[in-house]
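Data first, discussion second: the structure below is written as structure tokens.
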Amino acid sequence: MGDKLGKGLEDIEAPEDVANTADYQRGDLKEDLTTYDAVFGAVGEDGPNYRNVGWLGTVALMLKTQIGLGVLSIPAIFDLVGVVPGVILLCIVAAIAGWASYMVGVFKLNHRELYNMDDAGRLMFGKIGREVFGVAFCLYWIFVAGSGILGISIGLNAISSHGICTAWFVAISACIGFMFASVRTLGRISWIAWVGLTCILTAVLLVTIAVGIEGGPSSAPKSWSSDFKVSTTPSFADGVSAVASLIFACSATPAYFSLVAEMRDPRYFTRSVVISQMGSTALYVTIGVVVYYYCGSLVASPALGSAGTLIKKIAYGISLPGLIATTTIVLHLPSKYVFVRILRGSVHLTSNSMVHWTTWISCTFGSTVVAYVIASGITVFGSLLSLIGALLGSFLAFQPAGCMWFYDNWNKPRTWKWYILAFWSAFLIIGGTFMTVAGTYGSVVNIIESLHAGGGTRPWSCADNSNS
């Protein structure tokens with residue numbers, strides 16, 4: 001595995017029809033062919049460099065893809081299931097997500113021609129698998145982008161004290177996301193991930209410190225003391241909905257095919273996965289426990305609204321770049337998928353032609369429009385995250401990882417290690433399927449109940465959505 005992980009861009013062989021030419025054998029074309037990629041083809045100076053993300057940039061992209069919207073729902077999840085079961089479930093889901101992410105890196109390096117989940121689906125299940133995974137991938141990230149747009153609109157409402165109609169804030173948020181997501185390569189937006197990560201962490205830590213100093217949310221009565229619960233007995237719908245939200249918070253796995261495809265040196269992918277997964281899990285546990293301990297049942301979702309009006313405004317002001325960064329990345333991913341699929345094998349993929357730019361802008365604009373419709377139609381933040389995690393998160397993160405292991409290892413010798421990993425992979429497939437069905441049911445039930453109880457604004461409403 002070490003040798004495979006060590007293969008970089010320069011080790012990928014050129015196409016046979018080019019490699020056999022006399023010019024190549026004499027060395028005349030050798031310099032150009034070192035930039036040949038199994039996915040993007042010849043990457044030259046005349047077009048965008050799709051292989052320019054370092055391992056630290058990959059860590060930033062992973063952390064920003066994962067941390068941002070997910071962490072804002074953790075304290076409310078602990079309120080639903082109790083702090084002890086919540087921490088245990090969080091660690092279990094994070095461990096599963098870490099292994100699934102590792103499998104994505106291994107599978108990509110074993111099959112370098114793969115660019116995205118749809119390519120993996122085609123390899124394992126044929127044409128039908130390609131279309132199913134491709135559609136699921138696009139929907140997942142566009143739904144996440146919708147939640148990001150909703151999060152930005154909540155922040156703008158909080159900062160401005162509901163300065164204008166919320167529907168306008170949602171539209172403005174979508175325009176901001178579209179503008180930044182139209183940057184063509186992940187290497188050029190990795191700096192956005194660093195800025196966004198710093199801002200969102202600062203904002204969340206500010207709220208955590210504030211509720212700790214104040215001893216609870218400022219909205220609580222003077223005689224109030226935290227009513228946090230060590231454990232609870234949630235309904236089936238609430239329980240699976242909470243697990244689905246944790247899956248969303250921990251599983252940025254569907255993005256990792258795209259990330260490793262644009263890394264300068266893929267051997268560092270596993271390092272990036274370990275650092276990002278451990279860092280995000282530690283942060284989730286710390287933030288979730290502290291905020292829920294002091295706020296109890298008065299915890300807000302998103303969590304930035306838990307420390308009172310003034311701190312909420314400051315926290316959202318600091319976090320806005322982080323929310324914008326999340327929206328940028330998750331709009332970029334489905335747009336890049338459609339873009340590569342349309343132009344793959346064409347000279348326009350890595351050029352600066354009119355066809356290239358028209359196709360790219362059309363992809364980012366289309367993704368943004370769909371995400372805007374989702375953000376305007378499903379206005380309950382926590383329930384939207386739960387729905388995303390249940391309907392598409394486990395389907396793209398857990399089941400495929402199990403299938404990838406079986407695909408690469410089915411014909412290997414049946415040792416005790418093989419049987420353990422086979423059992424584990426089968427568990428991921430079965431458990432992920434259960435969460436897809438049950439979690440979606442629970443999320444839909446909670447969305448309906450929240451709307452009936454006034455827990456969210458109506459679709460395309462002008463009402464303030466920052467008071468959840």
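As shown in the structure tokens, the chain order sets the letters A, B, ...; within each chain, residues go from 1, and ligands are also counted from 1 in the order they appear.
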Return as JSON lines the residues of segment 219-317 of chain A lying at most 12 Å from segment 113-130 of chain A, together with the closest atom-to-atom pair for each and the distance in Å to one decimal, counting only C-alpha atoms, with rows in chain order and ascending residue number.
```
{"residue": "A:Thr253", "atom": "CA", "partner": "A:Met117", "partner_atom": "CA", "distance": 10.1}
{"residue": "A:Pro254", "atom": "CA", "partner": "A:Met117", "partner_atom": "CA", "distance": 7.0}
{"residue": "A:Ala255", "atom": "CA", "partner": "A:Asn116", "partner_atom": "CA", "distance": 8.2}
{"residue": "A:Tyr256", "atom": "CA", "partner": "A:Asn116", "partner_atom": "CA", "distance": 8.4}
{"residue": "A:Phe257", "atom": "CA", "partner": "A:Asn116", "partner_atom": "CA", "distance": 5.2}
{"residue": "A:Ser258", "atom": "CA", "partner": "A:Asn116", "partner_atom": "CA", "distance": 5.9}
{"residue": "A:Leu259", "atom": "CA", "partner": "A:Tyr115", "partner_atom": "CA", "distance": 9.3}
{"residue": "A:Val260", "atom": "CA", "partner": "A:Tyr115", "partner_atom": "CA", "distance": 8.7}
{"residue": "A:Ala261", "atom": "CA", "partner": "A:Tyr115", "partner_atom": "CA", "distance": 6.2}
{"residue": "A:Glu262", "atom": "CA", "partner": "A:Tyr115", "partner_atom": "CA", "distance": 9.3}
{"residue": "A:Met263", "atom": "CA", "partner": "A:Tyr115", "partner_atom": "CA", "distance": 11.9}
```
Could you dump the residues just selected with C-alpha atoms as a compact mmCIF listing (two decimals), in the first residue's frame?
```
# COMPACT_ATOMS: atom_id res chain seq x y z
CA THR A 253 -16.89 11.36 2.70
CA PRO A 254 -18.77 11.89 -0.59
CA ALA A 255 -16.46 14.84 -1.31
CA TYR A 256 -13.24 12.93 -0.86
CA PHE A 257 -13.01 11.39 -4.33
CA SER A 258 -12.90 14.92 -5.71
CA LEU A 259 -10.34 16.03 -3.12
CA VAL A 260 -7.88 13.19 -3.70
CA ALA A 261 -8.29 13.66 -7.47
CA GLU A 262 -6.96 17.24 -7.16
CA MET A 263 -4.14 16.52 -4.68
```
Checklist entry - Which residues in segment 204-408 of chain A does DSSP call alpha helix (DSSP H)? List them as a ChimeraX atom specification. => result /A:204-214,236-250,256-261,269-295,309-343,354-377,381-388,394-408
Per residue of segment 348-460 of chain A within 12 Å of segment 97-109 of chain A, which atom pair is closest and at what distance in Å (one decimal), using only C-alpha atoms, listed by chain and increasing number, as a tab-separated table?
```
residue	atom	partner	partner_atom	distance
A:Gly393	CA	A:Ala97	CA	10.3
A:Ser394	CA	A:Ala97	CA	9.3
A:Phe395	CA	A:Ala100	CA	11.6
A:Leu396	CA	A:Ala100	CA	9.8
A:Ala397	CA	A:Ala100	CA	6.4
A:Phe398	CA	A:Ala100	CA	6.3
A:Gln399	CA	A:Ala100	CA	8.9
A:Pro400	CA	A:Ala100	CA	8.2
A:Ala401	CA	A:Ala100	CA	5.1
A:Gly402	CA	A:Ala100	CA	7.8
A:Cys403	CA	A:Met103	CA	9.9
A:Met404	CA	A:Phe107	CA	6.7
A:Trp405	CA	A:Met103	CA	7.3
A:Phe406	CA	A:Phe107	CA	10.9
A:Tyr407	CA	A:Phe107	CA	9.3
A:Asp408	CA	A:Phe107	CA	7.8
A:Asn409	CA	A:Phe107	CA	10.9
A:Leu421	CA	A:Trp99	CA	11.2
A:Trp424	CA	A:Trp99	CA	10.4
A:Ser425	CA	A:Ala100	CA	9.5
A:Leu428	CA	A:Ala100	CA	9.1
A:Ile429	CA	A:Ala100	CA	11.2
A:Gly432	CA	A:Ala97	CA	11.3
```
Next on the checklist: When you count only C-alpha atoms, which of these residues is closest to Val445 of chain A: A:Gly377, A:Ala315, A:Val240, A:Val347?
Outcome noted: A:Val240
Item to check | Which residue of A:Val183, A:Thr233, A:Ala210, A:Leu331 approaches Thr309 of chain A most closely, using only C-alpha atoms | outcome: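 The closest residue to Thr309 of chain A is A:Ala210.
Note that atom CA of Ala136 of chain A and atom CA of Thr359 of chain A are 21.1 Å apart.
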Hey, which bits of segment 69-131 of chain A sit within 12 Å of segment 277-293 of chain A, and for each residue what's the closest pair of atoms and how far apart in Å (one decimal), counting only C-alpha atoms, rows by chain and increasing number, as a Markdown table?
```
| residue | atom | partner | partner_atom | distance |
| --- | --- | --- | --- | --- |
| A:Leu69 | CA | A:Tyr284 | CA | 11.4 |
| A:Gly70 | CA | A:Tyr284 | CA | 8.6 |
| A:Val71 | CA | A:Tyr284 | CA | 6.0 |
| A:Leu72 | CA | A:Gly288 | CA | 8.8 |
| A:Ser73 | CA | A:Gly288 | CA | 8.5 |
| A:Ile74 | CA | A:Gly288 | CA | 5.3 |
| A:Pro75 | CA | A:Gly288 | CA | 4.4 |
| A:Ala76 | CA | A:Tyr292 | CA | 7.4 |
| A:Ile77 | CA | A:Gly288 | CA | 8.5 |
| A:Phe78 | CA | A:Tyr292 | CA | 6.8 |
| A:Asp79 | CA | A:Tyr292 | CA | 6.8 |
| A:Leu80 | CA | A:Tyr292 | CA | 10.5 |
| A:Val81 | CA | A:Tyr292 | CA | 11.5 |
| A:Gly82 | CA | A:Tyr292 | CA | 9.4 |
| A:Val83 | CA | A:Val289 | CA | 6.7 |
| A:Val84 | CA | A:Val289 | CA | 9.1 |
| A:Pro85 | CA | A:Val289 | CA | 11.4 |
| A:Gly86 | CA | A:Gly288 | CA | 8.9 |
| A:Val87 | CA | A:Val285 | CA | 6.4 |
| A:Ile88 | CA | A:Val285 | CA | 9.6 |
| A:Leu89 | CA | A:Val285 | CA | 10.6 |
| A:Leu90 | CA | A:Val285 | CA | 7.7 |
| A:Cys91 | CA | A:Thr281 | CA | 7.1 |
| A:Ile92 | CA | A:Thr281 | CA | 10.2 |
| A:Val93 | CA | A:Thr281 | CA | 9.7 |
| A:Ala94 | CA | A:Thr281 | CA | 6.6 |
| A:Ala95 | CA | A:Gln277 | CA | 8.3 |
| A:Ile96 | CA | A:Gln277 | CA | 10.4 |
| A:Ala97 | CA | A:Gln277 | CA | 8.2 |
| A:Gly98 | CA | A:Gln277 | CA | 6.1 |
| A:Trp99 | CA | A:Gln277 | CA | 9.8 |
| A:Ala100 | CA | A:Gln277 | CA | 11.1 |
| A:Ser101 | CA | A:Gln277 | CA | 9.2 |
| A:Tyr102 | CA | A:Gln277 | CA | 10.4 |
```
Item to check | Gap from atom CA of Val144 of chain A to atom CA of Ala371 of chain A - Å, one decimal | outcome: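 Computing it gives 8.0 Å between the two atoms.
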Checklist entry - Do you have the atom CA of Trp194 of chain A-atom CA of Leu56 of chain A distance handy? => result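 Interatomic distance here is 9.8 Å.
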Item to check | Nearest-residue call for Ile200 of chain A, choices A:Phe228, A:Phe137, A:Phe236, A:Tyr316, using only C-alpha atoms | outcome: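 Closest residue, counting only C-alpha atoms: A:Tyr316.
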Closest atom pairs, residues of segment 146-235 of chain A within 12 Å of segment 333-345 of chain A, only C-alpha atoms, as JSON lines:
```
{"residue": "A:Phe178", "atom": "CA", "partner": "A:Ser335", "partner_atom": "CA", "distance": 10.3}
{"residue": "A:Ala181", "atom": "CA", "partner": "A:Ser335", "partner_atom": "CA", "distance": 8.5}
{"residue": "A:Ser182", "atom": "CA", "partner": "A:Ser335", "partner_atom": "CA", "distance": 8.7}
{"residue": "A:Val183", "atom": "CA", "partner": "A:Lys336", "partner_atom": "CA", "distance": 10.3}
{"residue": "A:Arg184", "atom": "CA", "partner": "A:Lys336", "partner_atom": "CA", "distance": 8.0}
{"residue": "A:Thr185", "atom": "CA", "partner": "A:Lys336", "partner_atom": "CA", "distance": 8.7}
{"residue": "A:Leu186", "atom": "CA", "partner": "A:Leu333", "partner_atom": "CA", "distance": 9.0}
{"residue": "A:Ile189", "atom": "CA", "partner": "A:Leu333", "partner_atom": "CA", "distance": 11.7}
```
Write the selection just made, keeping C-alpha atoms, as a JSON list (two decimals), in the first residue's frame?
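Contents of part.json, as written:
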```
[["chain", "number", "residue", "atom", "x", "y", "z"],
["A", 178, "PHE", "CA", -22.55, 31.35, -6.66],
["A", 181, "ALA", "CA", -18.16, 28.70, -6.10],
["A", 182, "SER", "CA", -17.42, 29.76, -9.69],
["A", 183, "VAL", "CA", -13.67, 29.71, -8.96],
["A", 184, "ARG", "CA", -12.62, 26.76, -11.11],
["A", 185, "THR", "CA", -10.17, 24.69, -9.01],
["A", 186, "LEU", "CA", -10.10, 23.47, -5.41],
["A", 189, "ILE", "CA", -10.34, 28.06, -3.03]]
```
Next on the checklist: Under the rule that only C-alpha atoms are counted, which of A:Cys462, A:Ala303, A:Val355, A:Val53 is the nearest residue to Leu205 of chain A?
Outcome noted: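 Smallest separation from Leu205 of chain A among the options: A:Ala303.
Minimum distance to Leu201 of chain A across A:Thr440, A:Ser319, A:Ser306, A:Asn52 (counting only C-alpha atoms) occurs at A:Ser319.
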